[in-house]
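Before any comments, here is the structure.
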Amino acid sequence: MAKLELRDLGKTGLKLSCVGFGASPLGNVFGPVTEQEANAAVREAFRLGINFFDTSPYYGGTVSEKALGKALKAMGVPRSEYIVSTKCGRYAEGFDFSAERVTRSIDESLERLQLDYVDILQCHDIEFGSLDQIVNETIPALQKLKETGKIRFIGITGLPLGVFTYVLDRVPPGAVDVILSYCHYGINDSTLEDLLPYLKNKGVGVITASPLAMGLLTESGPPEWHPASPELKAACQVSAAYCKEKGKNISKLAMQYSLLNKDIASVLVGMNSVSQVEINVAAAIELATVGIDEKTLSEVEELLKPVKNQTWPSGIQQG
């Protein structure tokens, strides 16, 4: 069987599986997941070539980190064979990007994950904090953590793409190793593409998440709370129904679209079962061996044209 492609993450030297395991669902965010189910999903992901696992203390109020930690431990494979990223600054009780809090945060996370170090520690959803604090206080604190060996690389995450350029233009070169962007590299919104040359020039690795746009590009549709406009939701629903009618699946098409760009090291997708893992890996393998369904893709792109690159607000007004 074909193996999942590994891709370079910027200048870190890390090689990430092109499909990454998003562990937020292990925090029971989308319904209860048993320890057995979580362990089985992680084990199957690793068996099928996924080596990158992403979590945060915010997911399920620390439950995701604990569940991922247990599952990784249960696999019993050498630590060097998988890559773990977690986050800091966003918690069930709110946001805190202070040096004191993020420094304490990594110790708490390592304990929950049952690890000596994480490969990547990312400031979580920085648009909800002060970007100047991120530049002047949070990232310097993470650089100190790097020296202790508790973390190997530093990242930032957020929805509005402008937060990345704001921070990267103000920190010393090489201070930030990676960005994690979500909902901006999918069939309905590919605005991250415009930023890729800038990020490459800065030597920053790129991870993208939510290829299904938080449920927009699914047959069942997004959750009630989804922040997209009614117009965007409707267009995605029409596209999903169109694919279904043709015997195609919009989620698979969306996943494959996000995997097309080799400048993106990994596409993170939330998973909480063996079957979800198998579906996502199969989509990646099919893309690598057979290619994408160009005809259906162009038809869906046509349907989504009126709402292309439409996003939604996130965070606080800066400045």
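As shown in the structure tokens, the chain order sets the letters A, B, ...; within each chain, residues go from 1, and ligands are also counted from 1 in the order they appear.
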
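Residues in contact range of Ser314 in chain A, defined as at most 10 Å between only C-alpha atoms, with sequence neighbours fewer than 3 positions away removed, read Asp125, Glu127, Phe128, Gly158, Leu159, Pro160, Pro227, Thr311 and Gln317 of chain A.
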
Tell me, as a ChimeraX atom specification, which residues lie within 7 Å of range 132-146 of chain A, counting only C-alpha atoms; anything in the same chain fewer than 4 positions away does not count. /A:97-99,103,150-154,167,170-171

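The spacing separating CA of Asn28 in chain A from CA of Arg104 in chain A amounts to 24.5 Å.
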
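By chain and then residue number, the residues within 8 Å of range 207-218 of chain A are Val178, Ile179, Leu180, Ser181, Tyr182, Cys183, His184, Tyr185, Gly186, Pro223, His226, Lys233, Cys236, Gln237, Ala240, Ile250, Ser251, Ala254, Met255, Ser258, Ile264, Ala265, Ser266, Val267, Leu268, Val269 and Gly270 of chain A, counting only C-alpha atoms and disregarding those fewer than 5 positions away in sequence.
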
Could you write out, as a PyMOL selection string, all the residues of range 32-270 of chain A that DSSP marks as helix (DSSP H, G or I)? chain A and resi 35-47+63-75+79-81+99-113+126-128+131-148+162-168+191-201+230-245+250-259

Produce a file of the selected residues containing C-alpha atoms, as a compact mmCIF listing (two decimals), in the first residue's frame.
```
# COMPACT_ATOMS: atom_id res chain seq x y z
CA GLU A 35 -10.44 5.93 25.95
CA GLN A 36 -10.58 2.78 23.81
CA GLU A 37 -11.85 4.74 20.79
CA ALA A 38 -9.25 7.47 21.24
CA ASN A 39 -6.41 4.96 21.62
CA ALA A 40 -7.57 2.97 18.59
CA ALA A 41 -7.86 6.10 16.40
CA VAL A 42 -4.35 7.30 17.32
CA ARG A 43 -2.85 3.84 16.89
CA GLU A 44 -4.48 3.39 13.46
CA ALA A 45 -3.36 6.88 12.38
CA PHE A 46 0.24 6.07 13.27
CA ARG A 47 0.03 2.65 11.59
CA VAL A 63 -9.32 16.55 28.11
CA SER A 64 -7.84 16.38 24.58
CA GLU A 65 -4.24 16.64 25.84
CA LYS A 66 -4.81 13.92 28.43
CA ALA A 67 -6.51 11.60 25.92
CA LEU A 68 -3.77 12.13 23.32
CA GLY A 69 -1.07 11.57 25.95
CA LYS A 70 -2.62 8.27 27.02
CA ALA A 71 -3.05 7.14 23.42
CA LEU A 72 0.53 7.95 22.43
CA LYS A 73 1.85 6.20 25.51
CA ALA A 74 -0.30 3.14 24.81
CA MET A 75 1.29 2.81 21.33
CA ARG A 79 9.21 9.30 21.03
CA SER A 80 11.30 10.31 18.01
CA GLU A 81 8.82 8.62 15.65
CA ALA A 99 5.03 35.18 29.97
CA GLU A 100 4.15 33.79 33.39
CA ARG A 101 1.08 31.90 32.14
CA VAL A 102 2.61 30.41 29.00
CA THR A 103 5.69 29.31 30.94
CA ARG A 104 3.48 27.50 33.45
CA SER A 105 1.30 26.24 30.61
CA ILE A 106 3.98 24.05 29.00
CA ASP A 107 4.67 22.21 32.28
CA GLU A 108 0.96 21.51 32.68
CA SER A 109 0.71 20.33 29.08
CA LEU A 110 3.76 18.06 29.32
CA GLU A 111 2.30 16.45 32.42
CA ARG A 112 -1.04 15.83 30.72
CA LEU A 113 0.65 14.56 27.55
CA ILE A 126 -3.58 35.25 18.83
CA GLU A 127 -6.21 37.62 17.37
CA PHE A 128 -7.93 37.44 20.79
CA LEU A 131 -0.44 41.25 19.13
CA ASP A 132 2.16 43.57 20.61
CA GLN A 133 2.19 41.43 23.75
CA ILE A 134 2.68 38.35 21.55
CA VAL A 135 5.68 40.04 19.91
CA ASN A 136 7.25 41.61 23.00
CA GLU A 137 6.40 39.16 25.78
CA THR A 138 4.96 35.81 24.67
CA ILE A 139 7.43 34.86 21.94
CA PRO A 140 10.50 35.85 24.02
CA ALA A 141 9.08 33.63 26.83
CA LEU A 142 8.73 30.74 24.36
CA GLN A 143 12.30 31.31 23.17
CA LYS A 144 13.44 30.77 26.76
CA LEU A 145 11.43 27.52 26.85
CA LYS A 146 13.22 26.44 23.68
CA GLU A 147 16.53 26.79 25.52
CA THR A 148 15.28 24.48 28.30
CA GLY A 162 -3.19 39.67 8.89
CA VAL A 163 -2.12 38.54 12.38
CA PHE A 164 0.67 36.44 10.86
CA THR A 165 2.28 39.25 8.89
CA TYR A 166 1.85 41.65 11.84
CA VAL A 167 3.81 39.37 14.16
CA LEU A 168 6.36 38.04 11.66
CA THR A 191 -6.67 33.15 0.59
CA LEU A 192 -3.74 31.54 2.43
CA GLU A 193 -2.22 30.95 -1.01
CA ASP A 194 -1.42 34.65 -1.39
CA LEU A 195 0.62 34.53 1.83
CA LEU A 196 2.70 31.44 0.97
CA PRO A 197 5.53 33.27 -0.89
CA TYR A 198 5.88 35.70 2.06
CA LEU A 199 6.02 32.81 4.56
CA LYS A 200 8.53 30.91 2.44
CA ASN A 201 10.68 34.03 2.26
CA PRO A 230 -26.31 32.49 5.51
CA GLU A 231 -25.25 33.03 1.89
CA LEU A 232 -21.99 31.09 2.34
CA LYS A 233 -23.74 28.30 4.26
CA ALA A 234 -26.38 27.99 1.53
CA ALA A 235 -23.83 27.85 -1.31
CA CYS A 236 -21.86 25.13 0.48
CA GLN A 237 -25.04 23.15 1.13
CA VAL A 238 -25.99 23.34 -2.55
CA SER A 239 -22.47 22.17 -3.49
CA ALA A 240 -22.62 19.26 -1.05
CA ALA A 241 -26.01 18.16 -2.37
CA TYR A 242 -24.74 18.46 -5.95
CA CYS A 243 -21.79 16.17 -5.18
CA LYS A 244 -24.02 13.65 -3.42
CA GLU A 245 -26.36 13.54 -6.40
CA ILE A 250 -17.75 16.91 -0.98
CA SER A 251 -15.69 16.24 2.14
CA LYS A 252 -13.28 13.96 0.28
CA LEU A 253 -12.98 16.49 -2.55
CA ALA A 254 -12.33 19.29 -0.04
CA MET A 255 -9.70 17.27 1.81
CA GLN A 256 -7.92 16.45 -1.46
CA TYR A 257 -8.03 20.06 -2.60
CA SER A 258 -6.28 21.16 0.60
CA LEU A 259 -3.61 18.50 0.09
```

Write out as a ChimeraX atom specification the set of residues from range 128-317 of chain A that DSSP, computed on the backbone, places in strand (DSSP E or B). /A:151-158,178-182,205-209,266-270

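Here CA of Gly247 in chain A and CA of Ala283 in chain A stand 15.4 Å from one another.
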
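Across the model, the gap from CA of Asp177 in chain A to CA of Phe21 in chain A is 19.7 Å.
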
Could you give me, as JSON lines, a per-residue list for range 156-228 of chain A showing, wherever an atom lies at most 8 Å from an atom of range 289-308 of chain A, the closest pair of atoms and their distance in Å to one decimal, using only C-alpha atoms and sorting by chain then residue number from low to high?
```
{"residue": "A:Ile187", "atom": "CA", "partner": "A:Glu301", "partner_atom": "CA", "distance": 6.7}
{"residue": "A:Asn188", "atom": "CA", "partner": "A:Lys308", "partner_atom": "CA", "distance": 5.2}
{"residue": "A:Asp189", "atom": "CA", "partner": "A:Lys308", "partner_atom": "CA", "distance": 5.8}
```

Dump of N, CA and C atoms for the selected residues, as a compact mmCIF listing (two decimals), in the first residue's frame:
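Below is the file that was written, part_29.txt:
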```
# COMPACT_ATOMS: atom_id res chain seq x y z
N ILE A 187 -11.72 24.71 -0.71
CA ILE A 187 -12.35 25.02 -2.00
C ILE A 187 -13.06 26.37 -1.94
N ASN A 188 -13.66 26.69 -0.79
CA ASN A 188 -14.44 27.93 -0.67
C ASN A 188 -13.61 29.16 -0.32
N ASP A 189 -12.40 28.92 0.22
CA ASP A 189 -11.55 30.04 0.64
C ASP A 189 -10.10 29.60 0.55
```

Which one is closest to Gly94 in chain A: A:Gly129, A:Gln310, A:Asn249, A:Ala288? Count only C-alpha atoms. A:Gly129
